[in-house]
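Colleague: Could you have a look at this structure, given as structure tokens, before my questions?
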Amino acid sequence: ENPAYQAEFDAKIDAGGYIEAKDWMPEAYRKTLVRQISQHAHSEIVGMLPEGNWITRAPTLKRKAILLAKVQDEGGHGLYLYAAAETLGVSRDELLDALHTGKAKYSSIFNYPTLTWADIGVIGWLVDGAAIMNQIPLCKCSYGPYARAMVRICKEESFHQRQGYDLLLTMMKGTQEQRQMVQDAVNRWWWPSIMMFGPHDKDSVHSGQSARWGIKRISNDDLRQKFVDATVKQAEVLGRDDDVDPELKWNEERGHYDFGAIDWDEFWNVVNGHGQGNVDRLAARVKAWEDGAWVREAALEHERKRAAREHQ
Ligand code: FAQ
């Protein structure tokens with residue numbers, strides 16, 4: 001701890017400025033960022049799995065090309081985010097090890113199964129919709145490398161959200177069976193999507209400090225409310241029959257939609273590794289890492305040979 005550096009850091013935060021990788025920062029600030037950015041990166045990479053399942057089963061060439069592009073974007077987001085975390089002095093191997101050994105979290109949402117093609121539309125509409133709501137304020141977070149990575153990520157997420165909504169609009173114009181499929185997918189993904197924003201503000205252990213540091217610009221509950229308000233309107237255009245939450249209704253006085261109570265037992269159960277998909281998702285990641293060992297070895301060997309040639 002150095003009081004002069006601390007004062008400079010505080011002044012920068014108070015002025016809404018950016019902290020850069022080479023700037024002095026409190027150890028706790030660095031650790032919080034490593035935790036959040038790496039969990040965010042893991043979410044992108046694990047998030048490729050539920051959708052990846054459907055690439056070979058996309059109903060048309062157009063939908064297949066779109067889904068392929070979306071899943072590739074998610075791989076890219078994971079890589080920018082790992083690179084942003086690395087600027088904080090942590091290695092990618094350490095981060096991946098924390099994921100593979102189950103020490104690091106990733107978003108609860110990716111532990112739910114994708115049962116039908118409508119799930120792909122609903123993930124784009126609701127899951128990417130929630131992700132954008134949370135990520136737009138992160139474009140202005142106080143850590144420069146994270147904020148800058150978020151700008152491009154948000155642009156790509158916007159395409160992801162629209163393609164999901166477009167997929168659902170198409171299905172809603174189809175047969176009764178297709179409309180039913182959409183309704184079923186919405187019913188299964190609605191509550192997990194609104195859980196993505198994390199615990200209520202009063203139960204959120206990190207919120208106070210993260211807000212003070214300019215990492216969290218809008219609270220978990222405020223983002224959740226913004227998401228519900230925006231999404232109900234989109235659902236009306238979609239022409240959905242709303243039986244997902246009987247308590248979901250416009251509250252004139254508040255100027256917001258009210259909604260029912262979240263099942264926090266389910267949320268913590270999934271976060272703590274006991275959701276439907278946790279075991280499979282982690283096993284798929286570990287297998288991918290192990291199967292890729294020869295690629296890493298070949299790349300290192302190539303580099304060793306190149307360096308040896310240069311020194312001859
Ligand atoms: N799942 O005190 P808080 C995507 C944990 S979008 C699992 O409120 P904080 C794009 C939290 O880590 C999804 N764990 O924590 C995509 C903490 O535990 P810890 C990823 C959760 O950090 C779309 C504890 O609960 N987006 O991937 C969750 O201030 C479609 C206490 O909570 C991000 O990661 C949860 N939902 O606020 C890809 C955004 N919520 O770490 C493919 C960046 C909370 O002490 C397809 N992250 N926890 O062990 C954030 O904005 C924040 O970290 C929050 C949580 C808001 C998620």
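Within each chain, counting starts at residue 1; across the structure tokens, chains are named A, B, ... in the order shown, with ligands numbered 1 upward in that order.
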For region 277-290 of chain A, work out the shell of residues within 7 Å, counting only C-alpha atoms and skipping chain neighbours fewer than 4 positions away, then give it as a ChimeraX atom specification.
Modeller: /A:46,100,111-113,273
Colleague: Residues near Gly239 (chain A), anyone? I mean within 12 Å using only C-alpha atoms, not counting same-chain ones fewer than 3 positions away, as an MDAnalysis selection string.
Modeller: chainID A and resid 165 168:173 179:180 182:183 232:236 242
Colleague: So that I have them on file, write out the residues from the current selection with N, CA, C and O atoms, as a PDB file, in the first residue's frame.
Modeller:
```
ATOM      1  N   TYR A 165     -34.129 -13.287 -32.276  1.00  0.00           N
ATOM      2  CA  TYR A 165     -35.488 -12.743 -32.367  1.00  0.00           C
ATOM      3  C   TYR A 165     -36.069 -13.031 -33.752  1.00  0.00           C
ATOM      4  O   TYR A 165     -37.227 -13.433 -33.883  1.00  0.00           O
ATOM      5  N   LEU A 168     -37.184 -16.573 -34.006  1.00  0.00           N
ATOM      6  CA  LEU A 168     -38.455 -16.816 -33.316  1.00  0.00           C
ATOM      7  C   LEU A 168     -39.636 -16.227 -34.083  1.00  0.00           C
ATOM      8  O   LEU A 168     -40.704 -16.849 -34.167  1.00  0.00           O
ATOM      9  N   LEU A 169     -39.431 -15.036 -34.665  1.00  0.00           N
ATOM     10  CA  LEU A 169     -40.520 -14.434 -35.462  1.00  0.00           C
ATOM     11  C   LEU A 169     -40.896 -15.374 -36.604  1.00  0.00           C
ATOM     12  O   LEU A 169     -42.078 -15.569 -36.899  1.00  0.00           O
ATOM     13  N   THR A 170     -39.889 -15.974 -37.230  1.00  0.00           N
ATOM     14  CA  THR A 170     -40.138 -16.913 -38.332  1.00  0.00           C
ATOM     15  C   THR A 170     -40.927 -18.118 -37.822  1.00  0.00           C
ATOM     16  O   THR A 170     -41.907 -18.536 -38.442  1.00  0.00           O
ATOM     17  N   MET A 171     -40.518 -18.648 -36.680  1.00  0.00           N
ATOM     18  CA  MET A 171     -41.237 -19.814 -36.147  1.00  0.00           C
ATOM     19  C   MET A 171     -42.672 -19.454 -35.750  1.00  0.00           C
ATOM     20  O   MET A 171     -43.590 -20.249 -35.911  1.00  0.00           O
ATOM     21  N   MET A 172     -42.868 -18.236 -35.240  1.00  0.00           N
ATOM     22  CA  MET A 172     -44.209 -17.821 -34.822  1.00  0.00           C
ATOM     23  C   MET A 172     -45.146 -17.675 -36.025  1.00  0.00           C
ATOM     24  O   MET A 172     -46.356 -17.716 -35.880  1.00  0.00           O
ATOM     25  N   LYS A 173     -44.567 -17.498 -37.222  1.00  0.00           N
ATOM     26  CA  LYS A 173     -45.403 -17.408 -38.435  1.00  0.00           C
ATOM     27  C   LYS A 173     -45.631 -18.794 -39.026  1.00  0.00           C
ATOM     28  O   LYS A 173     -46.243 -18.930 -40.081  1.00  0.00           O
ATOM     29  N   ARG A 179     -45.161 -22.791 -33.021  1.00  0.00           N
ATOM     30  CA  ARG A 179     -45.472 -21.766 -32.005  1.00  0.00           C
ATOM     31  C   ARG A 179     -45.400 -22.369 -30.603  1.00  0.00           C
ATOM     32  O   ARG A 179     -44.912 -21.766 -29.663  1.00  0.00           O
ATOM     33  N   GLN A 180     -45.872 -23.598 -30.495  1.00  0.00           N
ATOM     34  CA  GLN A 180     -45.834 -24.296 -29.210  1.00  0.00           C
ATOM     35  C   GLN A 180     -44.389 -24.528 -28.747  1.00  0.00           C
ATOM     36  O   GLN A 180     -44.065 -24.388 -27.564  1.00  0.00           O
ATOM     37  N   VAL A 182     -41.867 -22.639 -29.468  1.00  0.00           N
ATOM     38  CA  VAL A 182     -41.328 -21.350 -29.003  1.00  0.00           C
ATOM     39  C   VAL A 182     -41.799 -21.085 -27.568  1.00  0.00           C
ATOM     40  O   VAL A 182     -41.018 -20.742 -26.685  1.00  0.00           O
ATOM     41  N   GLN A 183     -43.098 -21.306 -27.337  1.00  0.00           N
ATOM     42  CA  GLN A 183     -43.645 -21.062 -26.002  1.00  0.00           C
ATOM     43  C   GLN A 183     -42.941 -21.930 -24.943  1.00  0.00           C
ATOM     44  O   GLN A 183     -42.573 -21.453 -23.871  1.00  0.00           O
ATOM     45  N   VAL A 232     -40.539  -7.563 -22.230  1.00  0.00           N
ATOM     46  CA  VAL A 232     -41.991  -7.773 -22.297  1.00  0.00           C
ATOM     47  C   VAL A 232     -42.531  -7.128 -23.575  1.00  0.00           C
ATOM     48  O   VAL A 232     -43.366  -7.706 -24.278  1.00  0.00           O
ATOM     49  N   LYS A 233     -42.015  -5.961 -23.904  1.00  0.00           N
ATOM     50  CA  LYS A 233     -42.488  -5.273 -25.122  1.00  0.00           C
ATOM     51  C   LYS A 233     -42.134  -6.100 -26.362  1.00  0.00           C
ATOM     52  O   LYS A 233     -42.934  -6.225 -27.286  1.00  0.00           O
ATOM     53  N   GLN A 234     -40.938  -6.665 -26.367  1.00  0.00           N
ATOM     54  CA  GLN A 234     -40.536  -7.489 -27.524  1.00  0.00           C
ATOM     55  C   GLN A 234     -41.399  -8.747 -27.602  1.00  0.00           C
ATOM     56  O   GLN A 234     -41.740  -9.211 -28.689  1.00  0.00           O
ATOM     57  N   ALA A 235     -41.778  -9.283 -26.442  1.00  0.00           N
ATOM     58  CA  ALA A 235     -42.610 -10.490 -26.416  1.00  0.00           C
ATOM     59  C   ALA A 235     -43.984 -10.196 -27.015  1.00  0.00           C
ATOM     60  O   ALA A 235     -44.566 -11.040 -27.698  1.00  0.00           O
ATOM     61  N   GLU A 236     -44.477  -8.976 -26.776  1.00  0.00           N
ATOM     62  CA  GLU A 236     -45.795  -8.621 -27.333  1.00  0.00           C
ATOM     63  C   GLU A 236     -45.753  -8.619 -28.855  1.00  0.00           C
ATOM     64  O   GLU A 236     -46.658  -9.118 -29.510  1.00  0.00           O
ATOM     65  N   ASP A 242     -48.642 -15.156 -22.817  1.00  0.00           N
ATOM     66  CA  ASP A 242     -47.767 -15.053 -21.648  1.00  0.00           C
ATOM     67  C   ASP A 242     -48.238 -15.793 -20.411  1.00  0.00           C
ATOM     68  O   ASP A 242     -48.975 -15.263 -19.593  1.00  0.00           O
TER      69      ASP A 242
END
```
Colleague: Got a sec to check which residues lie within 8 Å of ligand 1, using only C-alpha atoms and all ligand atoms, and send them as a ChimeraX atom specification?
Modeller: /A:32,35-37,39-48,51,71,74,104-110,123-124,127-128,130-132,134-135,138,157,160,195-201,203-207,210,216,219-220,267,270-271
Colleague: Quick one: residues within 9 Å of region 85-93 of chain A, only C-alpha atoms counted, chain neighbours fewer than 6 positions away excluded, as a PyMOL selection string?
Modeller: chain A and resi 20-22+30-31+33-38+41+145-146
Colleague: May I have the residues within 9 Å of Ile19 (chain A) as a ChimeraX atom specification, using only C-alpha atoms and disregarding those fewer than 6 positions away in the same chain?
Modeller: /A:9,12-13,25,142-145
Colleague: Go ahead and write the residues just picked, C-alpha atoms, as a PDB file, in the first residue's frame.
Modeller:
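Output file result17.pdb is given in full below:
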```pdb
ATOM      1  CA  PHE A   9      -5.950   5.921  -8.097  1.00  0.00           C
ATOM      2  CA  LYS A  12      -8.861   8.827 -11.257  1.00  0.00           C
ATOM      3  CA  ILE A  13     -11.805   6.628 -10.263  1.00  0.00           C
ATOM      4  CA  MET A  25      -3.928  -0.349  -8.523  1.00  0.00           C
ATOM      5  CA  SER A 142     -13.007   1.790 -14.941  1.00  0.00           C
ATOM      6  CA  TYR A 143     -10.520  -0.791 -16.226  1.00  0.00           C
ATOM      7  CA  GLY A 144      -9.476   0.288 -19.738  1.00  0.00           C
ATOM      8  CA  PRO A 145      -8.626  -3.094 -21.317  1.00  0.00           C
TER       9      PRO A 145
END
```
Colleague: As an NGL selection string, please: the residues near Trp54 (chain A) (cut-off 9 Å, only C-alpha atoms, same-chain neighbours under 4 positions excluded).
Modeller: :A and (50 or 58 or 64 or 67 or 114 or 116-117 or 120)
Colleague: Restricting the output to all heavy atoms, write the selected residues as a compact mmCIF listing (two decimals), in the first residue's frame.
Modeller:
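Below is the file result.txt, written as the result:
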```txt
# COMPACT_ATOMS: atom_id res chain seq x y z
N PRO A 50 -23.93 -25.17 -25.52
CA PRO A 50 -25.36 -25.46 -25.73
C PRO A 50 -25.80 -25.19 -27.17
O PRO A 50 -26.62 -25.93 -27.73
CB PRO A 50 -26.09 -24.51 -24.77
CG PRO A 50 -25.06 -23.99 -23.83
CD PRO A 50 -23.72 -24.21 -24.43
N ALA A 58 -29.21 -27.47 -37.79
CA ALA A 58 -29.90 -26.24 -38.20
C ALA A 58 -30.81 -26.56 -39.39
O ALA A 58 -30.43 -27.34 -40.26
CB ALA A 58 -28.88 -25.18 -38.57
N LYS A 64 -27.81 -22.18 -40.48
CA LYS A 64 -26.57 -22.85 -40.08
C LYS A 64 -25.39 -21.86 -40.15
O LYS A 64 -24.56 -21.79 -39.23
CB LYS A 64 -26.31 -24.03 -41.02
CG LYS A 64 -25.15 -24.91 -40.60
CD LYS A 64 -24.97 -25.98 -41.68
CE LYS A 64 -23.90 -26.96 -41.31
NZ LYS A 64 -24.41 -28.30 -41.18
N LEU A 67 -25.67 -19.44 -37.21
CA LEU A 67 -25.33 -20.05 -35.92
C LEU A 67 -23.82 -20.30 -35.81
O LEU A 67 -23.21 -20.06 -34.76
CB LEU A 67 -26.13 -21.35 -35.71
CG LEU A 67 -25.93 -22.04 -34.37
CD1 LEU A 67 -26.27 -21.12 -33.19
CD2 LEU A 67 -26.79 -23.31 -34.28
N THR A 114 -30.35 -27.51 -24.23
CA THR A 114 -31.04 -26.97 -25.41
C THR A 114 -31.81 -28.12 -26.06
O THR A 114 -31.23 -28.95 -26.75
CB THR A 114 -30.02 -26.39 -26.42
OG1 THR A 114 -28.85 -27.23 -26.44
CG2 THR A 114 -29.59 -25.00 -26.05
N THR A 116 -34.76 -28.08 -28.12
CA THR A 116 -35.32 -27.99 -29.48
C THR A 116 -34.67 -26.82 -30.22
O THR A 116 -33.97 -26.00 -29.61
CB THR A 116 -36.85 -27.73 -29.47
OG1 THR A 116 -37.10 -26.37 -29.07
CG2 THR A 116 -37.58 -28.69 -28.55
N TRP A 117 -34.98 -26.70 -31.51
CA TRP A 117 -34.43 -25.60 -32.30
C TRP A 117 -34.89 -24.25 -31.77
O TRP A 117 -34.16 -23.25 -31.83
CB TRP A 117 -34.81 -25.78 -33.78
CG TRP A 117 -34.35 -24.65 -34.64
CD1 TRP A 117 -35.12 -23.70 -35.25
CD2 TRP A 117 -32.98 -24.32 -34.95
NE1 TRP A 117 -34.32 -22.80 -35.92
CE2 TRP A 117 -33.01 -23.16 -35.75
CE3 TRP A 117 -31.75 -24.88 -34.62
CZ2 TRP A 117 -31.85 -22.55 -36.25
CZ3 TRP A 117 -30.58 -24.27 -35.11
CH2 TRP A 117 -30.65 -23.13 -35.91
N ILE A 120 -32.56 -22.27 -29.58
CA ILE A 120 -31.50 -21.46 -30.20
C ILE A 120 -31.99 -20.02 -30.39
O ILE A 120 -31.27 -19.06 -30.12
CB ILE A 120 -31.05 -22.09 -31.55
CG1 ILE A 120 -30.49 -23.50 -31.29
CG2 ILE A 120 -30.02 -21.23 -32.28
CD1 ILE A 120 -29.36 -23.58 -30.28
```
Colleague: With DSSP run on the backbone, what are the alpha helix (DSSP H) residues within region 1-115 of chain A? I'd like them as JSON, numbers by chain.
Modeller: {"A": [3, 4, 5, 6, 7, 8, 9, 10, 11, 12, 13, 14, 27, 28, 29, 30, 31, 32, 33, 34, 35, 36, 37, 38, 39, 40, 41, 42, 43, 44, 45, 46, 48, 49, 50, 51, 52, 61, 62, 63, 64, 65, 66, 67, 68, 69, 70, 71, 72, 73, 74, 75, 76, 77, 78, 79, 80, 81, 82, 83, 84, 85, 86, 92, 93, 94, 95, 96, 97, 98, 99, 100]}
Colleague: Could you check how far CA of Leu238 (chain A) sits from CA of Arg224 (chain A), in Å to one decimal?
Modeller: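 These atoms are spaced 20.6 Å apart.
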